[in-house]
$ cat structure01.pdb   # PDB, C-alpha atoms and all ligand atoms
MODEL        1
ATOM      1  CA  MET R 688      88.518  97.684  97.637
ATOM      2  CA  ALA R 689      92.009  96.875  96.378
ATOM      3  CA  SER R 690      90.497  96.529  92.897
ATOM      4  CA  ARG R 691      89.198 100.095  93.126
ATOM      5  CA  VAL R 692      92.557 101.621  94.036
ATOM      6  CA  ARG R 693      93.053 104.897  92.184
ATOM      7  CA  TYR R 694      96.042 107.189  92.076
ATOM      8  CA  VAL R 695      96.095 110.832  91.084
ATOM      9  CA  ASP R 696      99.052 113.177  90.682
ATOM     10  CA  ASP R 697      99.512 115.591  93.543
ATOM     11  CA  PRO R 698      99.874 119.120  92.067
ATOM     12  CA  ILE R 699     102.249 120.108  94.877
ATOM     13  CA  ASP R 700     105.042 117.650  94.067
ATOM     14  CA  GLY R 701     103.831 115.914  90.899
ATOM     15  CA  LEU R 702     104.053 112.496  92.573
ATOM     16  CA  ARG R 703     101.221 109.987  92.840
ATOM     17  CA  ALA R 704      98.724 110.155  95.681
ATOM     18  CA  LEU R 705      96.093 107.650  96.695
ATOM     19  CA  SER R 706      92.477 108.675  96.110
ATOM     20  CA  VAL R 707      90.573 108.051  99.361
ATOM     21  CA  GLY R 708      87.334 108.817 101.169
ATOM     22  CA  PHE R 709      87.003 111.042 104.252
ATOM     23  CA  TRP R 710      87.135 107.984 106.521
ATOM     24  CA  SER R 711      90.739 107.433 105.469
ATOM     25  CA  THR R 712      91.926 110.927 106.366
ATOM     26  CA  ASP R 713      90.069 110.595 109.676
ATOM     27  CA  LYS R 714      92.056 107.397 110.319
ATOM     28  CA  THR R 715      95.369 109.075 109.467
ATOM     29  CA  ASP R 716      94.508 111.985 111.702
ATOM     30  CA  ARG R 717      93.967 109.704 114.704
ATOM     31  CA  ILE R 718      97.319 108.009 114.093
ATOM     32  CA  ARG R 719      98.950 111.429 113.821
ATOM     33  CA  ARG R 720      97.330 112.553 117.078
ATOM     34  CA  TYR R 721      98.679 109.443 118.795
ATOM     35  CA  VAL R 722     102.190 110.134 117.474
ATOM     36  CA  ASP R 723     101.853 113.694 118.754
ATOM     37  CA  ALA R 724     100.478 112.722 122.166
ATOM     38  CA  CYS R 725     103.319 110.203 122.696
ATOM     39  CA  TRP R 726     106.116 112.683 122.065
ATOM     40  CA  ALA R 727     107.140 113.026 125.727
ATOM     41  CA  ALA R 728     106.971 109.249 126.301
ATOM     42  CA  ARG R 729     109.287 108.758 123.314
ATOM     43  CA  THR R 730     111.935 111.035 124.847
ATOM     44  CA  HIS R 731     112.566 108.381 127.550
ATOM     45  CA  PHE R 732     114.078 106.131 124.870
ATOM     46  CA  SER R 733     117.242 106.886 122.942
ATOM     47  CA  GLN R 734     116.116 104.697 120.009
ATOM     48  CA  ARG R 735     112.627 105.311 118.579
ATOM     49  CA  THR R 736     111.496 103.459 115.487
ATOM     50  CA  TYR R 737     108.447 103.885 113.278
ATOM     51  CA  ILE R 738     107.509 100.886 111.121
ATOM     52  CA  ASP R 739     104.852 101.124 108.385
ATOM     53  CA  LEU R 740     104.736  98.001 106.216
ATOM     54  CA  PHE R 741     101.800  99.167 104.014
ATOM     55  CA  CYS R 742     103.035 102.736 103.607
ATOM     56  CA  GLY R 743     101.319 103.693 100.335
ATOM     57  CA  PRO R 744     102.632 106.689  98.350
ATOM     58  CA  GLY R 745     102.637 109.017 101.363
ATOM     59  CA  ARG R 746      99.989 111.456 100.136
ATOM     60  CA  VAL R 747      96.249 111.098  99.630
ATOM     61  CA  TYR R 748      93.549 112.948  97.741
ATOM     62  CA  GLU R 749      90.331 113.036  99.757
ATOM     63  CA  ARG R 750      87.850 113.025  96.903
ATOM     64  CA  PHE R 751      84.738 114.140  98.837
ATOM     65  CA  GLY R 752      86.295 117.302 100.281
ATOM     66  CA  LYS R 753      88.745 117.569  97.341
ATOM     67  CA  GLU R 754      91.672 117.983  99.726
ATOM     68  CA  TRP R 755      95.278 116.792  99.542
ATOM     69  CA  GLN R 756      96.806 115.411 102.721
ATOM     70  CA  ASP R 757      99.735 113.395 104.016
ATOM     71  CA  GLY R 758      99.242 109.651 104.383
ATOM     72  CA  SER R 759     100.090 107.783 107.572
ATOM     73  CA  ALA R 760     103.872 107.493 107.172
ATOM     74  CA  VAL R 761     104.523 111.053 105.968
ATOM     75  CA  SER R 762     102.168 112.509 108.539
ATOM     76  CA  ALA R 763     103.749 110.449 111.369
ATOM     77  CA  PHE R 764     107.204 111.597 110.272
ATOM     78  CA  SER R 765     106.205 115.266 110.000
ATOM     79  CA  GLN R 766     104.415 115.198 113.340
ATOM     80  CA  SER R 767     107.294 113.529 115.183
ATOM     81  CA  ILE R 768     109.806 116.218 114.268
ATOM     82  CA  LEU R 769     107.630 119.050 115.574
ATOM     83  CA  LYS R 770     108.306 118.504 119.289
ATOM     84  CA  GLY R 771     110.820 116.277 121.131
ATOM     85  CA  GLY R 772     111.103 112.531 120.604
ATOM     86  CA  ALA R 773     111.425 112.448 116.818
ATOM     87  CA  PHE R 774     111.763 108.939 115.436
ATOM     88  CA  THR R 775     115.423 107.981 115.182
ATOM     89  CA  LYS R 776     114.676 105.294 112.592
ATOM     90  CA  PHE R 777     111.920 105.286 110.023
ATOM     91  CA  ILE R 778     111.108 102.020 108.258
ATOM     92  CA  ILE R 779     108.623 101.936 105.400
ATOM     93  CA  GLY R 780     107.505  99.000 103.299
ATOM     94  CA  ASP R 781     105.074  98.334 100.482
ATOM     95  CA  ILE R 782     104.511  95.648  97.874
ATOM     96  CA  ASP R 783     104.211  98.353  95.194
ATOM     97  CA  SER R 784     107.655  99.710  94.250
ATOM     98  CA  GLU R 785     106.302 103.056  92.992
ATOM     99  CA  ASN R 786     104.384 103.655  96.226
ATOM    100  CA  LEU R 787     107.482 102.858  98.230
ATOM    101  CA  ARG R 788     109.674 105.115  96.086
ATOM    102  CA  VAL R 789     107.430 108.173  96.249
ATOM    103  CA  CYS R 790     106.703 107.728  99.950
ATOM    104  CA  ALA R 791     110.460 107.624 100.589
ATOM    105  CA  GLU R 792     110.998 110.678  98.411
ATOM    106  CA  ARG R 793     108.403 112.654 100.320
ATOM    107  CA  ILE R 794     109.918 111.721 103.668
ATOM    108  CA  SER R 795     113.408 112.572 102.378
ATOM    109  CA  ARG R 796     112.193 115.989 101.171
ATOM    110  CA  ARG R 797     111.029 116.621 104.741
ATOM    111  CA  GLY R 798     114.475 115.747 106.110
ATOM    112  CA  GLY R 799     114.101 112.037 106.863
ATOM    113  CA  LYS R 800     116.244 109.069 105.823
ATOM    114  CA  PRO R 801     113.802 106.176 105.643
ATOM    115  CA  ILE R 802     114.802 102.533 105.350
ATOM    116  CA  LEU R 803     112.922 101.019 102.394
ATOM    117  CA  LEU R 804     111.555  97.477 102.366
ATOM    118  CA  LEU R 805     109.957  96.297  99.142
ATOM    119  CA  GLY R 806     107.659  93.302  99.317
ATOM    120  CA  PRO R 807     104.725  91.725 101.099
ATOM    121  CA  ALA R 808     104.457  92.615 104.778
ATOM    122  CA  HIS R 809     104.795  89.012 105.928
ATOM    123  CA  GLU R 810     108.303  89.055 104.414
ATOM    124  CA  THR R 811     109.374  92.645 105.060
ATOM    125  CA  VAL R 812     108.494  92.337 108.747
ATOM    126  CA  VAL R 813     111.425  89.937 109.143
ATOM    127  CA  GLN R 814     113.815  92.537 107.701
ATOM    128  CA  ALA R 815     112.193  95.342 109.680
ATOM    129  CA  ILE R 816     112.824  93.540 112.967
ATOM    130  CA  LYS R 817     116.515  93.201 112.073
ATOM    131  CA  HIS R 818     116.811  96.989 111.780
ATOM    132  CA  VAL R 819     115.195  97.649 115.140
ATOM    133  CA  ASP R 820     117.091  98.298 118.366
ATOM    134  CA  HIS R 821     115.502  95.839 120.777
ATOM    135  CA  SER R 822     115.711  98.121 123.802
ATOM    136  CA  GLY R 823     114.136 101.002 121.883
ATOM    137  CA  LEU R 824     110.532 102.118 121.590
ATOM    138  CA  ASN R 825     108.712 101.053 118.436
ATOM    139  CA  LEU R 826     105.476 102.100 116.803
ATOM    140  CA  ALA R 827     104.172  99.891 113.988
ATOM    141  CA  VAL R 828     101.269 100.922 111.765
ATOM    142  CA  LEU R 829      99.540  98.160 109.778
ATOM    143  CA  ASP R 830      97.136  99.692 107.286
ATOM    144  CA  PRO R 831      96.310  97.120 104.592
ATOM    145  CA  PHE R 832      93.464  97.450 102.076
ATOM    146  CA  ASN R 833      91.967  94.089 103.014
ATOM    147  CA  LEU R 834      91.662  91.888 106.051
ATOM    148  CA  ASN R 835      93.419  88.996 104.319
ATOM    149  CA  LEU R 836      96.620  91.079 104.208
ATOM    150  CA  LEU R 837      96.652  91.481 107.990
ATOM    151  CA  GLN R 838      98.505  88.232 108.471
ATOM    152  CA  PHE R 839      98.930  87.043 112.005
ATOM    153  CA  SER R 840     102.598  86.220 111.379
ATOM    154  CA  VAL R 841     103.269  89.962 110.932
ATOM    155  CA  ILE R 842     101.714  90.818 114.284
ATOM    156  CA  SER R 843     103.378  87.962 116.150
ATOM    157  CA  ALA R 844     106.794  88.945 114.731
ATOM    158  CA  LEU R 845     106.322  92.556 115.846
ATOM    159  CA  ALA R 846     105.022  91.436 119.237
ATOM    160  CA  LYS R 847     108.431  89.899 119.992
ATOM    161  CA  LEU R 848     109.815  93.417 120.354
ATOM    162  CA  LYS R 849     110.016  94.441 124.008
ATOM    163  CA  HIS R 850     108.538  97.908 123.614
ATOM    164  CA  VAL R 851     106.098  97.971 120.754
ATOM    165  CA  ASP R 852     102.774  99.626 120.027
ATOM    166  CA  ILE R 853     100.886  98.318 117.007
ATOM    167  CA  ILE R 854      98.064 100.264 115.384
ATOM    168  CA  ALA R 855      96.096  97.926 113.128
ATOM    169  CA  HIS R 856      93.418  98.550 110.519
ATOM    170  CA  PHE R 857      90.914  95.705 110.877
ATOM    171  CA  SER R 858      88.519  95.526 107.932
ATOM    172  CA  LEU R 859      84.965  94.894 109.145
ATOM    173  CA  MET R 860      83.482  95.087 105.660
ATOM    174  CA  ASP R 861      85.801  92.415 104.301
ATOM    175  CA  LEU R 862      85.049  90.194 107.229
ATOM    176  CA  ARG R 863      81.277  90.503 106.817
ATOM    177  CA  ARG R 864      81.456  89.923 103.074
ATOM    178  CA  ASN R 865      83.687  86.873 103.122
ATOM    179  CA  LEU R 866      83.335  85.110 106.454
ATOM    180  CA  ILE R 867      80.510  82.715 105.640
ATOM    181  CA  THR R 868      81.943  81.757 102.245
ATOM    182  CA  GLN R 869      85.342  81.059 103.735
ATOM    183  CA  TYR R 870      83.771  79.086 106.578
ATOM    184  CA  ARG R 871      81.765  76.974 104.148
ATOM    185  CA  ASP R 872      84.485  76.445 101.536
ATOM    186  CA  GLY R 873      87.408  75.798 103.887
ATOM    187  CA  GLY R 874      90.889  77.185 103.247
ATOM    188  CA  GLY R 875      90.991  80.859 102.324
ATOM    189  CA  SER R 876      92.927  83.905 103.374
ATOM    190  CA  PHE R 877      91.356  84.318 106.819
ATOM    191  CA  ASP R 878      93.370  81.296 107.939
ATOM    192  CA  LEU R 879      96.432  83.530 107.742
ATOM    193  CA  VAL R 880      94.724  86.304 109.720
ATOM    194  CA  ALA R 881      93.463  84.137 112.557
ATOM    195  CA  PRO R 882      94.876  80.590 112.390
ATOM    196  CA  ASN R 883      92.380  77.878 113.459
ATOM    197  CA  TRP R 884      89.488  80.311 113.507
ATOM    198  CA  ARG R 885      86.915  77.742 112.367
ATOM    199  CA  VAL R 886      87.423  75.790 115.586
ATOM    200  CA  HIS R 887      86.567  78.881 117.626
ATOM    201  CA  VAL R 888      83.997  80.604 115.420
ATOM    202  CA  PRO R 889      80.947  78.388 114.747
ATOM    203  CA  ALA R 890      79.857  80.699 111.937
ATOM    204  CA  LYS R 891      76.918  78.596 110.748
ATOM    205  CA  GLN R 892      75.276  78.627 114.176
ATOM    206  CA  LEU R 893      75.613  82.387 114.508
ATOM    207  CA  ASN R 894      73.675  85.176 112.850
ATOM    208  CA  LYS R 895      75.077  87.776 110.439
ATOM    209  CA  ARG R 896      76.183  90.092 113.238
ATOM    210  CA  GLU R 897      77.365  87.477 115.712
ATOM    211  CA  ALA R 898      79.669  85.576 113.349
ATOM    212  CA  PRO R 899      81.979  88.503 112.423
ATOM    213  CA  GLN R 900      81.983  89.592 116.057
ATOM    214  CA  ALA R 901      83.042  86.088 117.126
ATOM    215  CA  PHE R 902      85.843  86.145 114.529
ATOM    216  CA  GLU R 903      87.045  89.522 115.719
ATOM    217  CA  ASN R 904      86.950  88.413 119.365
ATOM    218  CA  TYR R 905      88.965  85.331 118.497
ATOM    219  CA  TRP R 906      91.504  87.416 116.548
ATOM    220  CA  ILE R 907      91.895  89.763 119.500
ATOM    221  CA  LYS R 908      92.431  86.790 121.827
ATOM    222  CA  LEU R 909      95.141  85.474 119.514
ATOM    223  CA  VAL R 910      96.942  88.807 119.608
ATOM    224  CA  GLU R 911      96.546  88.927 123.399
ATOM    225  CA  GLN R 912      98.366  85.604 123.606
ATOM    226  CA  THR R 913     101.469  87.398 122.310
ATOM    227  CA  GLY R 914     101.402  89.515 125.490
ATOM    228  CA  LEU R 915      99.952  92.641 123.865
ATOM    229  CA  LYS R 916      96.761  94.166 125.263
ATOM    230  CA  PRO R 917      94.017  95.493 122.960
ATOM    231  CA  SER R 918      92.782  99.039 123.381
ATOM    232  CA  LEU R 919      89.339  99.817 124.769
ATOM    233  CA  ASN R 920      88.973 102.536 122.204
ATOM    234  CA  ARG R 921      88.525 100.882 118.795
ATOM    235  CA  PRO R 922      87.054 103.559 116.564
ATOM    236  CA  VAL R 923      84.917 102.398 113.655
ATOM    237  CA  PHE R 924      85.118 104.235 110.326
ATOM    238  CA  LYS R 925      82.055 104.453 108.102
ATOM    239  CA  ASN R 926      81.589 105.400 104.480
ATOM    240  CA  ALA R 927      79.195 108.006 103.065
ATOM    241  CA  ARG R 928      76.309 105.512 103.285
ATOM    242  CA  ARG R 929      77.123 104.953 106.977
ATOM    243  CA  ALA R 930      78.277 101.394 106.315
ATOM    244  CA  GLU R 931      81.015 100.221 108.674
ATOM    245  CA  LEU R 932      84.320  99.818 106.850
ATOM    246  CA  TYR R 933      86.983  99.118 109.460
ATOM    247  CA  ARG R 934      88.261  99.641 112.952
ATOM    248  CA  LEU R 935      91.527 100.984 114.235
ATOM    249  CA  ILE R 936      92.860  99.170 117.247
ATOM    250  CA  LEU R 937      95.983  99.653 119.317
ATOM    251  CA  PHE R 938      97.887  96.767 120.844
ATOM    252  CA  SER R 939     100.440  97.558 123.530
ATOM    253  CA  ARG R 940     101.788  96.171 126.799
ATOM    254  CA  LYS R 941     101.917  99.639 128.314
ATOM    255  CA  ASP R 942      99.095 101.224 130.309
ATOM    256  CA  LEU R 943     100.387 104.676 129.382
ATOM    257  CA  ALA R 944     100.084 103.871 125.674
ATOM    258  CA  HIS R 945      96.468 102.814 126.204
ATOM    259  CA  LYS R 946      95.693 105.943 128.189
ATOM    260  CA  ILE R 947      97.118 108.120 125.436
ATOM    261  CA  TRP R 948      95.385 106.170 122.668
ATOM    262  CA  ASN R 949      91.999 106.244 124.383
ATOM    263  CA  SER R 950      92.107 109.989 124.245
ATOM    264  CA  ALA R 951      94.033 110.616 120.992
ATOM    265  CA  ALA R 952      92.035 108.166 118.889
ATOM    266  CA  SER R 953      88.623 109.311 120.048
ATOM    267  CA  ASP R 954      86.250 110.994 117.686
ATOM    268  CA  LEU R 955      86.791 114.637 118.573
ATOM    269  CA  THR R 956      83.067 115.255 118.362
ATOM    270  CA  GLN R 957      82.201 112.223 120.505
ATOM    271  CA  ARG R 958      84.947 111.898 123.110
ATOM    272  CA  GLY R 959      84.479 108.920 125.394
ATOM    273  CA  PHE R 960      82.200 107.106 122.940
ATOM    274  CA  TYR R 961      84.449 104.173 122.253
ATOM    275  CA  PHE R 962      82.608 101.824 119.929
TER     276      PHE R 962
HETATM  277  C1  LIG N   1      95.555 101.409 102.439
HETATM  278  S1  LIG N   1      97.048 101.591 101.508
HETATM  279  C2  LIG N   1      98.075 102.370 102.687
HETATM  280  C3  LIG N   1      97.734 103.784 102.892
HETATM  281  C4  LIG N   1      98.673 104.523 103.812
HETATM  282  N1  LIG N   1      98.693 103.957 105.126
HETATM  283  C5  LIG N   1      98.239 105.978 103.859
HETATM  284  O1  LIG N   1      97.804 106.459 104.928
HETATM  285  O2  LIG N   1      98.335 106.654 102.837
HETATM  286  C6  LIG N   1      97.664  99.977 101.468
HETATM  287  C7  LIG N   1      99.030  99.805 100.812
HETATM  288  O3  LIG N   1      99.413  98.442 100.981
HETATM  289  C8  LIG N   1     100.116  98.020  99.835
HETATM  290  N2  LIG N   1     100.051  96.541  99.827
HETATM  291  C9  LIG N   1      99.115  95.727  99.270
HETATM  292  N3  LIG N   1      99.394  94.451  99.566
HETATM  293  C10 LIG N   1     100.499  94.452 100.363
HETATM  294  C11 LIG N   1     101.252  93.455 101.028
HETATM  295  N4  LIG N   1     100.908  92.176 100.968
HETATM  296  N5  LIG N   1     102.313  93.820 101.747
HETATM  297  C12 LIG N   1     102.686  95.126 101.820
HETATM  298  N6  LIG N   1     102.019  96.116 101.205
HETATM  299  C13 LIG N   1     100.931  95.784 100.504
HETATM  300  C14 LIG N   1      99.449  98.727  98.693
HETATM  301  O4  LIG N   1     100.354  98.836  97.603
HETATM  302  C15 LIG N   1      99.097 100.073  99.330
HETATM  303  O5  LIG N   1     100.115 101.008  99.078
ENDMDL
END

$ encode --input "structure01.pdb" --output "structure tokens" --more "lines below"
Ligand SMILES: C[S@@+](CC[C@H](N)C(=O)[O-])C[C@H]1O[C@@H](n2cnc3c(N)ncnc32)[C@H](O)[C@@H]1O
Amino acid sequence: MASRVRYVDDPIDGLRALSVGFWSTDKTDRIRRYVDACWAARTHFSQRTYIDLFCGPGRVYERFGKEWQDGSAVSAFSQSILKGGAFTKFIIGDIDSENLRVCAERISRRGGKPILLLGPAHETVVQAIKHVDHSGLNLAVLDPFNLNLLQFSVISALAKLKHVDIIAHFSLMDLRRNLITQYRDGGGSFDLVAPNWRVHVPAKQLNKREAPQAFENYWIKLVEQTGLKPSLNRPVFKNARRAELYRLILFSRKDLAHKIWNSAASDLTQRGFYF
């Protein structure tokens, strides 16, 4: 996945865009619909912050349909200024300085003034929290390439905010590919995603489907311990061969956020079909 990352120049602005499959633009569209559907809820807060610590370059090229589209941060920004409740602060981060620069440029060209955080998410989250007004409403999007980058310390830091919704990309493919090896070898990056998982996930006694499911359940329980509730609607995104790639999941303390997400994040052709 990360090793197959490809960039192409967007003919509209000449800046780099990430080459993606249709599943990625579907993901961005559900995040955008959530941002749209929350506009009225956001107006109840004077401070409204968007945090995207894996922002990418801000534009994507969907190589199957050969279409250019906004990535998560640019599309969330553009959507939020269409109605009321625009984000009052926009924080973007990435480990890749060129991605961060062009994402910021694209948001600036649309009228925004993003705060830029260069570095790995487990470090930039600390700076992001310092910029946030603690009585405000916050939406954090965590969209890493791989599961190992979804470090639990990032989620637990964000969960300390009073009003926070977190949309996380949870890589099912990564989990299936690497779980047994990491269980057998000890150590490994999943320890950072779900600390102590081996104690709770007896991977060797479970079959190929049960073991990843047990890991995911344990991860969700860990996040729940921070006080955030997981969404019922956790759409799964599949590639052209119908292999499951990842889920999107919302964590929030607010029932209203869950109600909105359950509708906004549904597959428009299969509303109500949650898993
Ligand atoms: C899947 S892309 C993000 C795509 C973006 N959300 C969009 O919709 O266009 C993941 C991004 O994470 C960045 N990245 C990789 N490792 C990271 C890390 N440890 N911390 C922060 N960003 C990282 C990559 O440079 C890449 O831009």

$ closest_atom_pairs --input "structure01.pdb" --of "chain R" --to "ligand LIG 1 (chain N)" --cutoff "8 Å" --atoms "all atoms listed in the file" --output "JSON lines"
{"residue": "R:Ala689", "atom": "CA", "partner": "N:LIG1", "partner_atom": "C9", "distance": 7.8}
{"residue": "R:Ala704", "atom": "CA", "partner": "N:LIG1", "partner_atom": "O2", "distance": 8.0}
{"residue": "R:Leu705", "atom": "CA", "partner": "N:LIG1", "partner_atom": "O2", "distance": 6.6}
{"residue": "R:Ser711", "atom": "CA", "partner": "N:LIG1", "partner_atom": "O1", "distance": 7.2}
{"residue": "R:Thr712", "atom": "CA", "partner": "N:LIG1", "partner_atom": "O1", "distance": 7.5}
{"residue": "R:Lys714", "atom": "CA", "partner": "N:LIG1", "partner_atom": "O1", "distance": 7.9}
{"residue": "R:Thr715", "atom": "CA", "partner": "N:LIG1", "partner_atom": "O1", "distance": 5.8}
{"residue": "R:Asp739", "atom": "CA", "partner": "N:LIG1", "partner_atom": "N1", "distance": 7.5}
{"residue": "R:Leu740", "atom": "CA", "partner": "N:LIG1", "partner_atom": "C12", "distance": 5.6}
{"residue": "R:Phe741", "atom": "CA", "partner": "N:LIG1", "partner_atom": "O3", "distance": 3.9}
{"residue": "R:Cys742", "atom": "CA", "partner": "N:LIG1", "partner_atom": "C4", "distance": 4.7}
{"residue": "R:Gly743", "atom": "CA", "partner": "N:LIG1", "partner_atom": "O5", "distance": 3.2}
{"residue": "R:Pro744", "atom": "CA", "partner": "N:LIG1", "partner_atom": "O2", "distance": 6.2}
{"residue": "R:Gly745", "atom": "CA", "partner": "N:LIG1", "partner_atom": "O2", "distance": 5.1}
{"residue": "R:Arg746", "atom": "CA", "partner": "N:LIG1", "partner_atom": "O2", "distance": 5.8}
{"residue": "R:Val747", "atom": "CA", "partner": "N:LIG1", "partner_atom": "O2", "distance": 5.9}
{"residue": "R:Asp757", "atom": "CA", "partner": "N:LIG1", "partner_atom": "O2", "distance": 7.0}
{"residue": "R:Gly758", "atom": "CA", "partner": "N:LIG1", "partner_atom": "O2", "distance": 3.5}
{"residue": "R:Ser759", "atom": "CA", "partner": "N:LIG1", "partner_atom": "O1", "distance": 3.7}
{"residue": "R:Ala760", "atom": "CA", "partner": "N:LIG1", "partner_atom": "O1", "distance": 6.6}
{"residue": "R:Gly780", "atom": "CA", "partner": "N:LIG1", "partner_atom": "C12", "distance": 6.4}
{"residue": "R:Asp781", "atom": "CA", "partner": "N:LIG1", "partner_atom": "N6", "distance": 3.8}
{"residue": "R:Ile782", "atom": "CA", "partner": "N:LIG1", "partner_atom": "N6", "distance": 4.2}
{"residue": "R:Asp783", "atom": "CA", "partner": "N:LIG1", "partner_atom": "O4", "distance": 4.6}
{"residue": "R:Asn786", "atom": "CA", "partner": "N:LIG1", "partner_atom": "O5", "distance": 5.8}
{"residue": "R:Leu787", "atom": "CA", "partner": "N:LIG1", "partner_atom": "O5", "distance": 7.6}
{"residue": "R:Leu805", "atom": "CA", "partner": "N:LIG1", "partner_atom": "C12", "distance": 7.8}
{"residue": "R:Gly806", "atom": "CA", "partner": "N:LIG1", "partner_atom": "C12", "distance": 5.9}
{"residue": "R:Pro807", "atom": "CA", "partner": "N:LIG1", "partner_atom": "N5", "distance": 3.3}
{"residue": "R:Ala808", "atom": "CA", "partner": "N:LIG1", "partner_atom": "N5", "distance": 3.9}
{"residue": "R:His809", "atom": "CA", "partner": "N:LIG1", "partner_atom": "N5", "distance": 6.8}
{"residue": "R:Thr811", "atom": "CA", "partner": "N:LIG1", "partner_atom": "C12", "distance": 7.8}
{"residue": "R:Val828", "atom": "CA", "partner": "N:LIG1", "partner_atom": "N1", "distance": 7.7}
{"residue": "R:Leu829", "atom": "CA", "partner": "N:LIG1", "partner_atom": "N1", "distance": 7.5}
{"residue": "R:Asp830", "atom": "CA", "partner": "N:LIG1", "partner_atom": "N1", "distance": 5.0}
{"residue": "R:Pro831", "atom": "CA", "partner": "N:LIG1", "partner_atom": "C6", "distance": 4.4}
{"residue": "R:Phe832", "atom": "CA", "partner": "N:LIG1", "partner_atom": "C1", "distance": 4.5}
{"residue": "R:Leu836", "atom": "CA", "partner": "N:LIG1", "partner_atom": "N4", "distance": 5.5}

$ closest_residue --input "structure01.pdb" --among "R:His731, R:Arg928, R:Arg864, R:Lys916" --to "Trp710 of chain R" --atoms "all atoms listed in the file"
R:Arg928

$ resolve_selection --input "structure01.pdb" --expression "the PyMOL selection byres (((chain R and resi 927) around 12) and not hetatm)" --output "ChimeraX atom specification"
/R:707-711,750-751,924-926,928-932

$ write_last_selection --input "structure01.pdb" --atoms "C-alpha atoms" --output "PDB file, in the frame of the given file"
ATOM      1  CA  VAL R 707      90.573 108.051  99.361  1.00  0.00           C
ATOM      2  CA  GLY R 708      87.334 108.817 101.169  1.00  0.00           C
ATOM      3  CA  PHE R 709      87.003 111.042 104.252  1.00  0.00           C
ATOM      4  CA  TRP R 710      87.135 107.984 106.521  1.00  0.00           C
ATOM      5  CA  SER R 711      90.739 107.433 105.469  1.00  0.00           C
ATOM      6  CA  ARG R 750      87.850 113.025  96.903  1.00  0.00           C
ATOM      7  CA  PHE R 751      84.738 114.140  98.837  1.00  0.00           C
ATOM      8  CA  PHE R 924      85.118 104.235 110.326  1.00  0.00           C
ATOM      9  CA  LYS R 925      82.055 104.453 108.102  1.00  0.00           C
ATOM     10  CA  ASN R 926      81.589 105.400 104.480  1.00  0.00           C
ATOM     11  CA  ARG R 928      76.309 105.512 103.285  1.00  0.00           C
ATOM     12  CA  ARG R 929      77.123 104.953 106.977  1.00  0.00           C
ATOM     13  CA  ALA R 930      78.277 101.394 106.315  1.00  0.00           C
ATOM     14  CA  GLU R 931      81.015 100.221 108.674  1.00  0.00           C
ATOM     15  CA  LEU R 932      84.320  99.818 106.850  1.00  0.00           C
TER      16      LEU R 932
END

$ closest_residue --input "structure01.pdb" --among "R:Ala728, R:Lys847, R:Tyr721, R:Glu792" --to "Gly701 of chain R" --atoms "all atoms listed in the file"
R:Glu792

$ residues_around --input "structure01.pdb" --residues "Phe764 of chain R" --least-positions-apart "5" --cutoff "10 Å" --atoms "only C-alpha atoms" --output "JSON list (two decimals) with C-alpha atoms, keeping the file's coordinate frame"
[["chain", "number", "residue", "atom", "x", "y", "z"],
["R", 719, "ARG", "CA", 98.95, 111.43, 113.82],
["R", 722, "VAL", "CA", 102.19, 110.13, 117.47],
["R", 737, "TYR", "CA", 108.45, 103.88, 113.28],
["R", 757, "ASP", "CA", 99.74, 113.40, 104.02],
["R", 759, "SER", "CA", 100.09, 107.78, 107.57],
["R", 769, "LEU", "CA", 107.63, 119.05, 115.57],
["R", 773, "ALA", "CA", 111.42, 112.45, 116.82],
["R", 774, "PHE", "CA", 111.76, 108.94, 115.44],
["R", 777, "PHE", "CA", 111.92, 105.29, 110.02],
["R", 794, "ILE", "CA", 109.92, 111.72, 103.67],
["R", 797, "ARG", "CA", 111.03, 116.62, 104.74],
["R", 798, "GLY", "CA", 114.48, 115.75, 106.11],
["R", 799, "GLY", "CA", 114.10, 112.04, 106.86],
["R", 801, "PRO", "CA", 113.80, 106.18, 105.64]]

$ atom_distance --input "structure01.pdb" --atom1 "atom CA of Arg863 of chain R" --atom2 "atom CA of Ala846 of chain R"
26.8 Å

$ atom_distance --input "structure01.pdb" --atom1 "atom CA of Val761 of chain R" --atom2 "atom CA of Arg793 of chain R"
7.0 Å

$ resolve_selection --input "structure01.pdb" --expression "the PyMOL selection byres (((chain R and resi 734) around 6) and not hetatm)" --output "PyMOL selection string"
chain R and resi 732-733+735+775+823

$ atom_distance --input "structure01.pdb" --atom1 "atom CA of Asn883 of chain R" --atom2 "atom CA of His856 of chain R"
20.9 Å

$ residues_around --input "structure01.pdb" --residues "Pro882 of chain R" --least-positions-apart "2" --cutoff "9 Å" --atoms "only C-alpha atoms" --output "list in words"
Phe839, Phe877, Asp878, Leu879, Val880, Trp884, Arg885, Trp906 and Leu909 of chain R

$ residues_near_point --input "structure01.pdb" --point "(89.8, 109.9, 115.4)" --cutoff "10 Å" --atoms "all atoms listed in the file" --output "PyMOL selection string"
chain R and resi 710+712-721+921-924+935+948-958

$ resolve_selection --input "structure01.pdb" --expression "the PyMOL selection byres (((chain R and resi 844) around 10) and not hetatm)" --output "list in words"
His809, Val812, Val813, Ala815, Ile816, Phe839, Ser840, Val841, Ile842, Ser843, Leu845, Ala846, Lys847, Leu848 and Thr913 of chain R

$ axis_aligned_box --input "structure01.pdb" --around "segment 817-822 of chain R" --padding-each-side "8 Å" --output "JSON"
{"center_x": 116.1, "center_y": 95.7, "center_z": 117.8, "size_x": 17.9, "size_y": 21.1, "size_z": 28.0}

$ closest_residue --input "structure01.pdb" --among "R:Gln912, R:Thr736, R:Ser795, R:Gln756" --to "Ile699 of chain R" --atoms "all atoms listed in the file"
R:Gln756

$ closest_residue --input "structure01.pdb" --among "R:Ala763, R:Leu893, R:Leu862, R:Leu937" --to "Asn833 of chain R" --atoms "all atoms listed in the file"
R:Leu862
